[in-house]
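Note: the block below is upload_7.csv and it holds CSV, C-alpha atoms.
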chain,number,residue,atom,x,y,z
A,259,MET,CA,-24.2,37.9,-38.6
A,260,LYS,CA,-23.6,34.4,-39.9
A,261,SER,CA,-19.8,34.7,-39.4
A,262,ARG,CA,-20.4,35.9,-35.8
A,263,PHE,CA,-22.8,33.1,-35.2
A,264,PHE,CA,-20.3,30.6,-36.6
A,265,ILE,CA,-17.5,32.0,-34.3
A,266,LEU,CA,-19.8,31.7,-31.3
A,267,ILE,CA,-20.5,28.1,-32.1
A,268,LEU,CA,-16.8,27.4,-32.4
A,269,LEU,CA,-16.1,29.0,-29.1
A,270,LEU,CA,-18.9,27.0,-27.4
A,271,PHE,CA,-17.6,23.8,-29.0
A,272,SER,CA,-14.0,24.6,-27.8
A,273,LEU,CA,-15.2,25.2,-24.3
A,274,ASN,CA,-17.1,22.0,-24.3
A,275,LEU,CA,-14.0,20.1,-25.4
A,276,CYS,CA,-11.9,21.8,-22.6
A,277,PHE,CA,-14.4,21.0,-19.9
A,278,GLY,CA,-14.8,17.4,-21.3
A,279,ALA,CA,-11.1,16.8,-21.2
A,280,SER,CA,-10.9,18.1,-17.6
A,281,ALA,CA,-13.8,15.9,-16.5
A,282,LYS,CA,-12.0,12.8,-17.8
A,283,LYS,CA,-9.0,13.2,-15.6
A,284,ILE,CA,-8.5,10.3,-13.2
A,285,ARG,CA,-9.3,11.2,-9.6
A,286,VAL,CA,-6.5,9.7,-7.5
A,287,SER,CA,-6.4,9.6,-3.7
A,288,ALA,CA,-3.2,8.9,-1.9
A,289,LEU,CA,-2.8,7.9,1.8
A,290,TYR,CA,-1.0,10.3,4.1
A,291,GLY,CA,2.1,8.4,5.2
A,292,PRO,CA,4.5,5.7,3.9
A,293,SER,CA,2.0,3.8,1.7
A,294,SER,CA,2.0,6.5,-0.9
A,295,VAL,CA,5.8,7.2,-1.2
A,296,SER,CA,5.9,5.2,-4.4
A,297,MET,CA,3.2,7.4,-5.8
A,298,ALA,CA,5.2,10.6,-5.3
A,299,PRO,CA,6.7,10.7,-8.9
A,300,LEU,CA,3.1,10.6,-10.3
A,301,PHE,CA,2.2,13.7,-8.4
A,302,GLU,CA,5.0,15.4,-10.2
A,303,SER,CA,4.6,14.2,-13.8
A,304,TYR,CA,1.4,12.3,-14.5
A,305,ASP,CA,-0.9,14.9,-16.0
A,306,LYS,CA,-3.8,12.6,-16.7
A,307,ALA,CA,-4.8,12.6,-13.1
A,308,GLU,CA,-5.8,14.9,-10.3
A,309,PHE,CA,-4.3,13.9,-6.9
A,310,ASP,CA,-5.3,14.5,-3.4
A,311,VAL,CA,-4.1,13.1,0.0
A,312,VAL,CA,-6.5,11.6,2.6
A,313,SER,CA,-5.8,10.9,6.2
A,314,ALA,CA,-6.7,7.2,6.6
A,315,ALA,CA,-7.6,4.1,4.7
A,316,ASP,CA,-11.2,4.1,6.0
A,317,VAL,CA,-11.6,7.6,4.7
A,318,LEU,CA,-10.3,6.6,1.3
A,319,ALA,CA,-12.5,3.5,1.2
A,320,ALA,CA,-15.6,5.7,1.9
A,321,ARG,CA,-14.6,8.0,-1.0
A,322,LEU,CA,-14.4,5.1,-3.4
A,323,ILE,CA,-17.8,3.7,-2.4
A,324,LYS,CA,-19.3,7.2,-2.7
A,325,ASN,CA,-17.9,7.7,-6.2
A,326,GLU,CA,-15.7,10.6,-4.9
A,327,THR,CA,-12.5,9.2,-6.3
A,328,ASP,CA,-11.5,6.6,-8.9
A,329,VAL,CA,-8.1,5.3,-7.7
A,330,GLY,CA,-6.6,4.8,-4.3
A,331,ILE,CA,-4.1,3.0,-2.1
A,332,LEU,CA,-5.3,0.4,0.4
A,333,PRO,CA,-4.2,-2.6,2.5
A,334,PRO,CA,-5.2,-5.8,0.6
A,335,ASN,CA,-7.6,-7.1,3.3
A,336,LEU,CA,-9.6,-3.9,3.3
A,337,ALA,CA,-9.8,-4.0,-0.5
A,338,ALA,CA,-11.0,-7.6,-0.3
A,339,LYS,CA,-13.6,-6.7,2.3
A,340,LEU,CA,-14.9,-3.8,0.1
A,341,TYR,CA,-15.1,-6.1,-2.9
A,342,ASN,CA,-16.9,-8.9,-1.0
A,343,THR,CA,-19.4,-6.6,0.7
A,344,THR,CA,-20.0,-3.9,-1.9
A,345,GLY,CA,-18.4,-5.0,-5.2
A,346,LYS,CA,-17.3,-1.4,-5.7
A,347,VAL,CA,-13.5,-1.9,-5.4
A,348,ILE,CA,-11.1,-4.1,-7.3
A,349,ILE,CA,-7.3,-4.5,-7.2
A,350,GLY,CA,-5.2,-3.0,-10.0
A,351,ALA,CA,-1.7,-4.0,-8.7
A,352,VAL,CA,0.4,-4.8,-5.7
A,353,VAL,CA,2.8,-1.9,-5.1
A,354,GLY,CA,4.2,-2.7,-1.7
A,355,GLU,CA,5.2,-6.0,-0.2
A,356,GLY,CA,6.2,-7.1,3.3
A,357,MET,CA,8.6,-4.7,5.0
A,358,LEU,CA,8.1,-5.5,8.7
A,359,SER,CA,11.2,-5.7,10.8
A,360,VAL,CA,11.9,-6.8,14.3
A,361,ILE,CA,14.2,-4.2,15.9
A,362,THR,CA,15.7,-5.0,19.3
A,363,THR,CA,18.2,-4.0,22.0
A,364,ASP,CA,18.1,-7.5,23.4
A,365,GLN,CA,21.4,-9.2,22.5
A,366,ASN,CA,19.8,-12.7,22.9
A,367,ILE,CA,17.3,-12.2,20.1
A,368,ARG,CA,18.6,-13.3,16.7
A,369,THR,CA,15.8,-15.4,15.2
A,370,PHE,CA,12.0,-15.5,15.3
A,371,GLU,CA,12.2,-18.5,17.6
A,372,ASP,CA,14.1,-16.3,20.1
A,373,LEU,CA,11.0,-14.3,20.7
A,374,ASP,CA,9.5,-17.2,22.6
A,375,GLY,CA,8.2,-16.0,26.0
A,376,LYS,CA,9.2,-12.4,25.3
A,377,PRO,CA,7.0,-9.3,24.8
A,378,VAL,CA,7.0,-7.4,21.5
A,379,SER,CA,5.7,-3.9,21.1
A,380,ALA,CA,4.1,-3.9,17.7
A,381,ALA,CA,2.4,-1.8,15.1
A,382,GLY,CA,-0.6,-2.8,13.1
A,383,SER,CA,-3.3,-4.0,15.5
A,384,GLY,CA,-6.1,-5.6,13.4
A,385,ALA,CA,-4.0,-5.4,10.2
A,386,THR,CA,-1.4,-7.3,8.3
A,387,PRO,CA,1.4,-6.9,10.9
A,388,GLU,CA,-0.7,-8.5,13.7
A,389,TYR,CA,-2.0,-11.4,11.7
A,390,ILE,CA,1.3,-12.3,10.0
A,391,PHE,CA,2.9,-12.2,13.5
A,392,ARG,CA,0.3,-14.4,15.0
A,393,TYR,CA,0.5,-16.8,12.1
A,394,LEU,CA,4.2,-17.1,12.5
A,395,CYS,CA,3.9,-17.7,16.2
A,396,ASP,CA,1.6,-20.6,15.6
A,397,PHE,CA,3.7,-22.0,12.8
A,398,PHE,CA,7.0,-21.9,14.8
A,399,HIS,CA,5.2,-23.0,18.0
A,400,ILE,CA,6.3,-20.1,20.1
A,401,LYS,CA,4.4,-17.9,22.6
A,402,SER,CA,5.1,-14.2,22.3
A,403,GLU,CA,2.7,-11.4,23.2
A,404,ALA,CA,2.3,-8.5,20.8
A,405,ASP,CA,1.6,-5.3,22.7
A,406,PHE,CA,-0.2,-2.7,20.7
A,407,SER,CA,-0.5,-0.1,23.4
A,408,ILE,CA,2.2,2.2,22.1
A,409,PRO,CA,1.2,4.2,18.9
A,410,THR,CA,3.2,3.3,15.8
A,411,ALA,CA,4.8,6.7,15.5
A,412,GLU,CA,6.1,6.4,19.1
A,413,LEU,CA,7.6,3.0,19.0
A,414,ALA,CA,11.1,4.1,17.9
A,415,ALA,CA,11.2,6.6,20.8
A,416,ALA,CA,10.0,3.9,23.2
A,417,LEU,CA,12.8,1.6,22.1
A,418,ALA,CA,15.4,4.4,22.5
A,419,SER,CA,14.2,5.3,26.0
A,420,GLY,CA,14.2,1.7,27.2
A,421,LYS,CA,10.5,1.6,27.6
A,422,THR,CA,10.5,-1.5,25.4
A,423,LYS,CA,13.3,-3.8,24.2
A,424,THR,CA,11.8,-5.2,21.1
A,425,ILE,CA,9.5,-3.7,18.5
A,426,LEU,CA,7.8,-4.9,15.3
A,427,VAL,CA,7.4,-2.0,12.8
A,428,PRO,CA,7.0,-1.3,9.1
A,429,GLU,CA,9.1,1.1,7.2
A,430,PRO,CA,10.0,3.9,7.6
A,431,PHE,CA,9.6,3.4,11.4
A,432,ALA,CA,12.1,0.6,11.4
A,433,THR,CA,14.7,2.9,9.9
A,434,VAL,CA,13.9,5.6,12.4
A,435,ALA,CA,14.3,3.2,15.2
A,436,CYS,CA,17.8,2.2,14.1
A,437,LEU,CA,18.8,5.8,13.6
A,438,ASN,CA,17.6,6.9,17.0
A,439,CYS,CA,19.0,4.1,19.1
A,440,LYS,CA,22.6,3.1,18.7
A,441,SER,CA,22.1,-0.2,20.5
A,442,ALA,CA,19.2,-1.2,18.3
A,443,ARG,CA,19.6,-3.9,15.7
A,444,ARG,CA,17.4,-5.0,12.8
A,445,VAL,CA,17.6,-8.7,13.5
A,446,PHE,CA,15.2,-10.1,11.0
A,447,THR,CA,12.2,-9.3,8.9
A,448,LEU,CA,8.8,-11.0,9.0
A,449,GLN,CA,8.9,-11.6,5.2
A,450,ASP,CA,12.0,-13.8,5.7
A,451,CYS,CA,10.2,-15.8,8.3
A,452,TRP,CA,7.1,-16.0,6.1
A,453,ASN,CA,9.3,-17.4,3.3
A,454,ARG,CA,10.4,-20.1,5.7
A,455,THR,CA,6.8,-21.4,6.2
A,456,GLY,CA,6.5,-22.9,2.7
A,457,SER,CA,8.6,-23.8,-0.4
A,458,ASN,CA,6.5,-21.7,-2.7
A,459,ARG,CA,5.9,-18.7,-0.5
A,460,ASP,CA,6.0,-15.3,-2.2
A,461,ASN,CA,6.4,-12.2,-0.1
A,462,PHE,CA,3.1,-11.0,1.3
A,463,PRO,CA,1.5,-7.9,-0.1
A,464,MET,CA,0.9,-4.9,2.1
A,465,THR,CA,-0.2,-2.2,-0.3
A,466,VAL,CA,-2.4,-2.4,-3.4
A,467,VAL,CA,-3.6,0.1,-6.0
A,468,VAL,CA,-7.4,-0.1,-6.2
A,469,PHE,CA,-9.9,1.1,-8.7
A,470,ARG,CA,-13.5,1.9,-8.3
A,471,THR,CA,-15.0,-1.0,-10.2
A,472,ASP,CA,-17.4,0.9,-12.4
A,473,TRP,CA,-14.7,3.4,-13.4
A,474,ALA,CA,-12.3,0.6,-14.3
A,475,LYS,CA,-14.9,-1.2,-16.4
A,476,GLU,CA,-15.8,2.0,-18.3
A,477,ASN,CA,-12.1,3.1,-18.7
A,478,PRO,CA,-9.9,0.0,-19.0
A,479,GLU,CA,-7.4,1.7,-21.3
A,480,LEU,CA,-7.1,4.7,-18.9
A,481,ALA,CA,-6.8,2.3,-16.0
A,482,GLU,CA,-4.0,0.4,-17.8
A,483,ASP,CA,-2.2,3.6,-18.6
A,484,PHE,CA,-2.2,4.6,-15.0
A,485,LEU,CA,-0.8,1.2,-14.0
A,486,ASN,CA,1.9,1.5,-16.5
A,487,ALA,CA,2.8,4.9,-15.2
A,488,TYR,CA,2.8,3.6,-11.6
A,489,LYS,CA,5.1,0.7,-12.7
A,490,ASN,CA,7.6,3.2,-14.0
A,491,ALA,CA,7.2,5.3,-10.8
A,492,VAL,CA,8.1,2.4,-8.6
A,493,SER,CA,11.2,1.7,-10.7
A,494,TRP,CA,12.2,5.3,-10.4
A,495,VAL,CA,11.7,5.4,-6.7
A,496,ASN,CA,13.9,2.4,-6.1
A,497,LYS,CA,16.7,3.9,-8.1
A,498,ASN,CA,16.3,7.5,-6.7
A,499,PRO,CA,15.6,7.4,-3.0
A,500,ALA,CA,17.0,10.9,-2.3
A,501,GLU,CA,14.9,12.6,-5.0
A,502,THR,CA,11.9,10.5,-3.9
A,503,GLY,CA,12.3,12.0,-0.4
A,504,LEU,CA,12.2,15.5,-1.8
A,505,LEU,CA,9.0,14.8,-3.7
A,506,THR,CA,7.4,13.2,-0.6
A,507,GLU,CA,8.0,16.5,1.3
A,508,LYS,CA,7.0,18.6,-1.7
A,509,TYR,CA,3.6,17.0,-1.9
A,510,SER,CA,3.0,16.8,1.9
A,511,LEU,CA,2.8,13.0,2.1
A,512,GLY,CA,3.8,13.0,5.7
A,513,LEU,CA,7.4,12.0,5.9
A,514,LYS,CA,10.8,13.8,6.0
A,515,SER,CA,12.9,13.6,2.9
A,516,SER,CA,15.9,12.2,4.8
A,517,ILE,CA,13.9,9.4,6.4
A,518,VAL,CA,12.4,8.4,3.0
A,519,GLU,CA,15.8,8.4,1.4
A,520,GLN,CA,17.2,6.0,4.0
A,521,SER,CA,14.2,3.8,4.2
A,522,VAL,CA,13.5,3.2,0.5
A,523,PRO,CA,16.0,0.3,0.2
A,524,TYR,CA,14.1,-1.6,2.9
A,525,SER,CA,10.6,-0.6,1.8
A,526,ASN,CA,9.9,-3.4,-0.8
A,527,PHE,CA,8.2,-1.1,-3.3
A,528,VAL,CA,7.3,-3.4,-6.1
A,529,TYR,CA,4.9,-3.5,-9.1
A,530,LYS,CA,2.9,-6.7,-9.8
A,531,ASP,CA,-0.2,-6.5,-11.8
A,532,ALA,CA,-3.3,-7.9,-10.1
A,533,LEU,CA,-3.5,-11.2,-12.0
A,534,SER,CA,0.2,-12.0,-11.4
A,535,ALA,CA,-0.1,-11.1,-7.8
A,536,LEU,CA,-3.2,-13.3,-7.2
A,537,PRO,CA,-1.4,-16.2,-5.5
A,538,GLU,CA,0.3,-14.0,-2.9
A,539,VAL,CA,-2.8,-12.0,-2.3
A,540,GLU,CA,-4.8,-15.2,-1.6
A,541,GLN,CA,-2.1,-16.5,0.7
A,542,LEU,CA,-2.3,-13.3,2.8
A,543,LEU,CA,-6.1,-13.2,2.8
A,544,SER,CA,-6.1,-16.9,3.9
A,545,VAL,CA,-4.2,-15.8,7.0
A,546,PHE,CA,-6.8,-13.2,7.7
A,547,LEU,CA,-9.6,-15.8,7.2
A,548,SER,CA,-7.9,-17.9,10.0
A,549,PHE,CA,-7.8,-15.1,12.5
A,550,ALA,CA,-10.3,-12.4,11.6
A,551,PRO,CA,-12.6,-13.5,8.7
A,552,GLU,CA,-14.7,-10.4,9.0
A,553,ALA,CA,-11.6,-8.3,8.0
A,554,VAL,CA,-11.8,-9.7,4.5
A,555,GLY,CA,-15.5,-10.1,4.1
A,556,LYS,CA,-15.5,-13.7,5.4
A,557,LYS,CA,-14.3,-15.3,2.1
A,558,LEU,CA,-11.7,-15.2,-0.5
A,559,PRO,CA,-12.7,-12.8,-3.4
A,560,ASP,CA,-13.4,-14.4,-6.7
A,561,ARG,CA,-11.4,-13.6,-9.9
A,562,GLY,CA,-13.5,-10.5,-10.5
A,563,PHE,CA,-11.5,-8.8,-7.7
A,564,TYR,CA,-8.4,-8.8,-9.9
A,565,PHE,CA,-8.3,-6.1,-12.7
A,566,ASP,CA,-7.9,-7.6,-16.1
A,567,PRO,CA,-7.6,-5.0,-19.0
A,568,ARG,CA,-8.7,-7.7,-21.5
A,569,HIS,CA,-12.2,-7.9,-20.1
Could I get this structure in the form of structure tokens?
Amino acid sequence: MKSRFFILILLLFSLNLCFGASAKKIRVSALYGPSSVSMAPLFESYDKAEFDVVSAADVLAARLIKNETDVGILPPNLAAKLYNTTGKVIIGAVVGEGMLSVITTDQNIRTFEDLDGKPVSAAGSGATPEYIFRYLCDFFHIKSEADFSIPTAELAAALASGKTKTILVPEPFATVACLNCKSARRVFTLQDCWNRTGSNRDNFPMTVVVFRTDWAKENPELAEDFLNAYKNAVSWVNKNPAETGLLTEKYSLGLKSSIVEQSVPYSNFVYKDALSALPEVEQLLSVFLSFAPEAVGKKLPDRGFYFDPRH
């Protein structure tokens, strides 16, 4: 009887260890679409996390606030707004920088200043593309109307059909536009224009890894381990665009492998830890404060917004 009782205790203890290990897995939510391409290798090989894919940034934000996930991908301004209004989300790293291109069939457009008086069909109403574009128009003293009436996914087709002559789009839509329209040219990127506005301008961030604040404070080593894995993933993606495309399709992230392969060189996937990226994040958020302060929670986040594994 004693031996059976001892075996039963061992079995219960083993089950408890198993369930405990499972419960400690990081819950990671990716965004459906291009923002999560650099996360694709982690779906394949990072066994410390459980991954799912959500349809939109506001859905992911709600999951973070409700403690339904631990890690996600968001635009910097939304992350800032969540921090300023709830305190429940912090930045772990910048993983995607400016990759907005102006694509045109108008042979007279070669520089940003050539957009003066001309309409531009644009993606990103109420988001980084709109406010960077507006900032640049003000800085270079030009008048150009951004038209957001065409859905982002349809901009490439609109250019090819002649419905519009000039579009402002992020990757991979810029690559699609160039592939679908032989007369289309990628004339310049907004990040190049952004760099012209100041001698110390970094590129502007477009995608950040975020943590649920309580989770990061309780699990700093696990959070740092995830960031290290993500850093390696970004490096791998930039070196292996074809394989990245296959993984993107395999895990249903919303893009065809051939498009991912061709767009990776233009996508500006990077890895910058939160503290290193602080200046460029604040530069971008300052633009939002000028045009739409409510989009960032009406102020620049304090230093607590930036994950620091030492604290």
Polymer residues at most 10 Å from Met464 in chain A, only C-alpha atoms, same-chain spacing of 5 or more positions, as a PyMOL selection string: chain A and resi 293+332-335+352-358+385-387+428+526-527+539+542
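For the pair CA of Ser287 in chain A and CA of Phe391 in chain A, the separation is 29.3 Å.
With CA of Ala435 in chain A on one side and CA of Arg392 in chain A on the other, the separation reads 22.5 Å.
Here the question is which of A:Thr433, A:Thr447, A:Ser313, A:Thr502 gets nearest to Phe370 in chain A using only C-alpha atoms, and that residue is A:Thr447.
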Of the listed residues A:Gly456, A:Pro537, A:Pro430, A:Pro377, that which approaches Gln520 in chain A most closely, counting only C-alpha atoms: A:Pro430
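In this structure, CA of Leu543 in chain A sits 21.4 Å away from CA of Val329 in chain A.
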For range 345-356 of chain A, supply all heavy atoms and format the output as an mmCIF file, in the coordinates of the input.
data_model
loop_
_atom_site.group_PDB
_atom_site.id
_atom_site.type_symbol
_atom_site.label_atom_id
_atom_site.label_comp_id
_atom_site.auth_asym_id
_atom_site.auth_seq_id
_atom_site.Cartn_x
_atom_site.Cartn_y
_atom_site.Cartn_z
ATOM 1 N N GLY A 345 -18.753 -4.831 -3.778
ATOM 2 C CA GLY A 345 -18.400 -5.000 -5.200
ATOM 3 C C GLY A 345 -17.910 -3.775 -5.873
ATOM 4 O O GLY A 345 -17.684 -3.774 -7.084
ATOM 5 N N LYS A 346 -17.645 -2.730 -5.111
ATOM 6 C CA LYS A 346 -17.300 -1.400 -5.700
ATOM 7 C C LYS A 346 -15.829 -1.160 -5.846
ATOM 8 O O LYS A 346 -15.430 -0.116 -6.345
ATOM 9 C CB LYS A 346 -17.980 -0.314 -4.911
ATOM 10 C CG LYS A 346 -19.500 -0.328 -5.013
ATOM 11 C CD LYS A 346 -20.121 0.874 -4.328
ATOM 12 C CE LYS A 346 -21.641 0.881 -4.525
ATOM 13 N NZ LYS A 346 -22.279 2.073 -3.905
ATOM 14 N N VAL A 347 -14.984 -2.085 -5.390
ATOM 15 C CA VAL A 347 -13.500 -1.900 -5.400
ATOM 16 C C VAL A 347 -12.839 -3.125 -5.926
ATOM 17 O O VAL A 347 -13.167 -4.237 -5.494
ATOM 18 C CB VAL A 347 -13.004 -1.515 -4.015
ATOM 19 C CG1 VAL A 347 -11.475 -1.456 -4.006
ATOM 20 C CG2 VAL A 347 -13.572 -0.182 -3.541
ATOM 21 N N ILE A 348 -11.873 -2.952 -6.855
ATOM 22 C CA ILE A 348 -11.100 -4.100 -7.300
ATOM 23 C C ILE A 348 -9.581 -3.688 -7.243
ATOM 24 O O ILE A 348 -9.236 -2.509 -7.175
ATOM 25 C CB ILE A 348 -11.417 -4.485 -8.772
ATOM 26 C CG1 ILE A 348 -11.205 -3.307 -9.751
ATOM 27 C CG2 ILE A 348 -12.846 -4.992 -8.850
ATOM 28 C CD1 ILE A 348 -11.391 -3.700 -11.212
ATOM 29 N N ILE A 349 -8.721 -4.709 -7.284
ATOM 30 C CA ILE A 349 -7.300 -4.500 -7.200
ATOM 31 C C ILE A 349 -6.733 -4.246 -8.634
ATOM 32 O O ILE A 349 -7.041 -4.977 -9.569
ATOM 33 C CB ILE A 349 -6.562 -5.703 -6.618
ATOM 34 C CG1 ILE A 349 -6.755 -5.746 -5.102
ATOM 35 C CG2 ILE A 349 -5.068 -5.670 -6.925
ATOM 36 C CD1 ILE A 349 -6.005 -6.890 -4.446
ATOM 37 N N GLY A 350 -5.878 -3.224 -8.750
ATOM 38 C CA GLY A 350 -5.200 -3.000 -10.000
ATOM 39 C C GLY A 350 -3.771 -3.592 -9.995
ATOM 40 O O GLY A 350 -3.314 -4.144 -10.997
ATOM 41 N N ALA A 351 -3.080 -3.481 -8.842
ATOM 42 C CA ALA A 351 -1.700 -4.000 -8.700
ATOM 43 C C ALA A 351 -1.271 -3.995 -7.285
ATOM 44 O O ALA A 351 -1.776 -3.220 -6.468
ATOM 45 C CB ALA A 351 -0.748 -3.160 -9.576
ATOM 46 N N VAL A 352 -0.326 -4.869 -6.990
ATOM 47 C CA VAL A 352 0.400 -4.800 -5.700
ATOM 48 C C VAL A 352 1.571 -3.862 -5.897
ATOM 49 O O VAL A 352 2.354 -4.024 -6.840
ATOM 50 C CB VAL A 352 0.889 -6.194 -5.280
ATOM 51 C CG1 VAL A 352 1.870 -6.095 -4.110
ATOM 52 C CG2 VAL A 352 -0.288 -7.085 -4.905
ATOM 53 N N VAL A 353 1.708 -2.882 -5.005
ATOM 54 C CA VAL A 353 2.800 -1.900 -5.100
ATOM 55 C C VAL A 353 3.695 -1.868 -3.892
ATOM 56 O O VAL A 353 4.668 -1.115 -3.855
ATOM 57 C CB VAL A 353 2.267 -0.505 -5.455
ATOM 58 C CG1 VAL A 353 1.643 -0.486 -6.847
ATOM 59 C CG2 VAL A 353 1.254 -0.037 -4.419
ATOM 60 N N GLY A 354 3.361 -2.653 -2.879
ATOM 61 C CA GLY A 354 4.200 -2.700 -1.700
ATOM 62 C C GLY A 354 4.085 -4.082 -1.050
ATOM 63 O O GLY A 354 2.978 -4.580 -0.830
ATOM 64 N N GLU A 355 5.216 -4.728 -0.789
ATOM 65 C CA GLU A 355 5.200 -6.000 -0.200
ATOM 66 C C GLU A 355 5.739 -5.940 1.267
ATOM 67 O O GLU A 355 6.099 -4.872 1.746
ATOM 68 C CB GLU A 355 6.005 -7.039 -0.983
ATOM 69 C CG GLU A 355 5.350 -7.353 -2.317
ATOM 70 C CD GLU A 355 6.051 -8.453 -3.082
ATOM 71 O OE1 GLU A 355 7.294 -8.465 -3.101
ATOM 72 O OE2 GLU A 355 5.361 -9.297 -3.668
ATOM 73 N N GLY A 356 5.800 -7.110 1.943
ATOM 74 C CA GLY A 356 6.200 -7.100 3.300
ATOM 75 C C GLY A 356 7.462 -6.348 3.607
ATOM 76 O O GLY A 356 8.486 -6.545 2.948
#
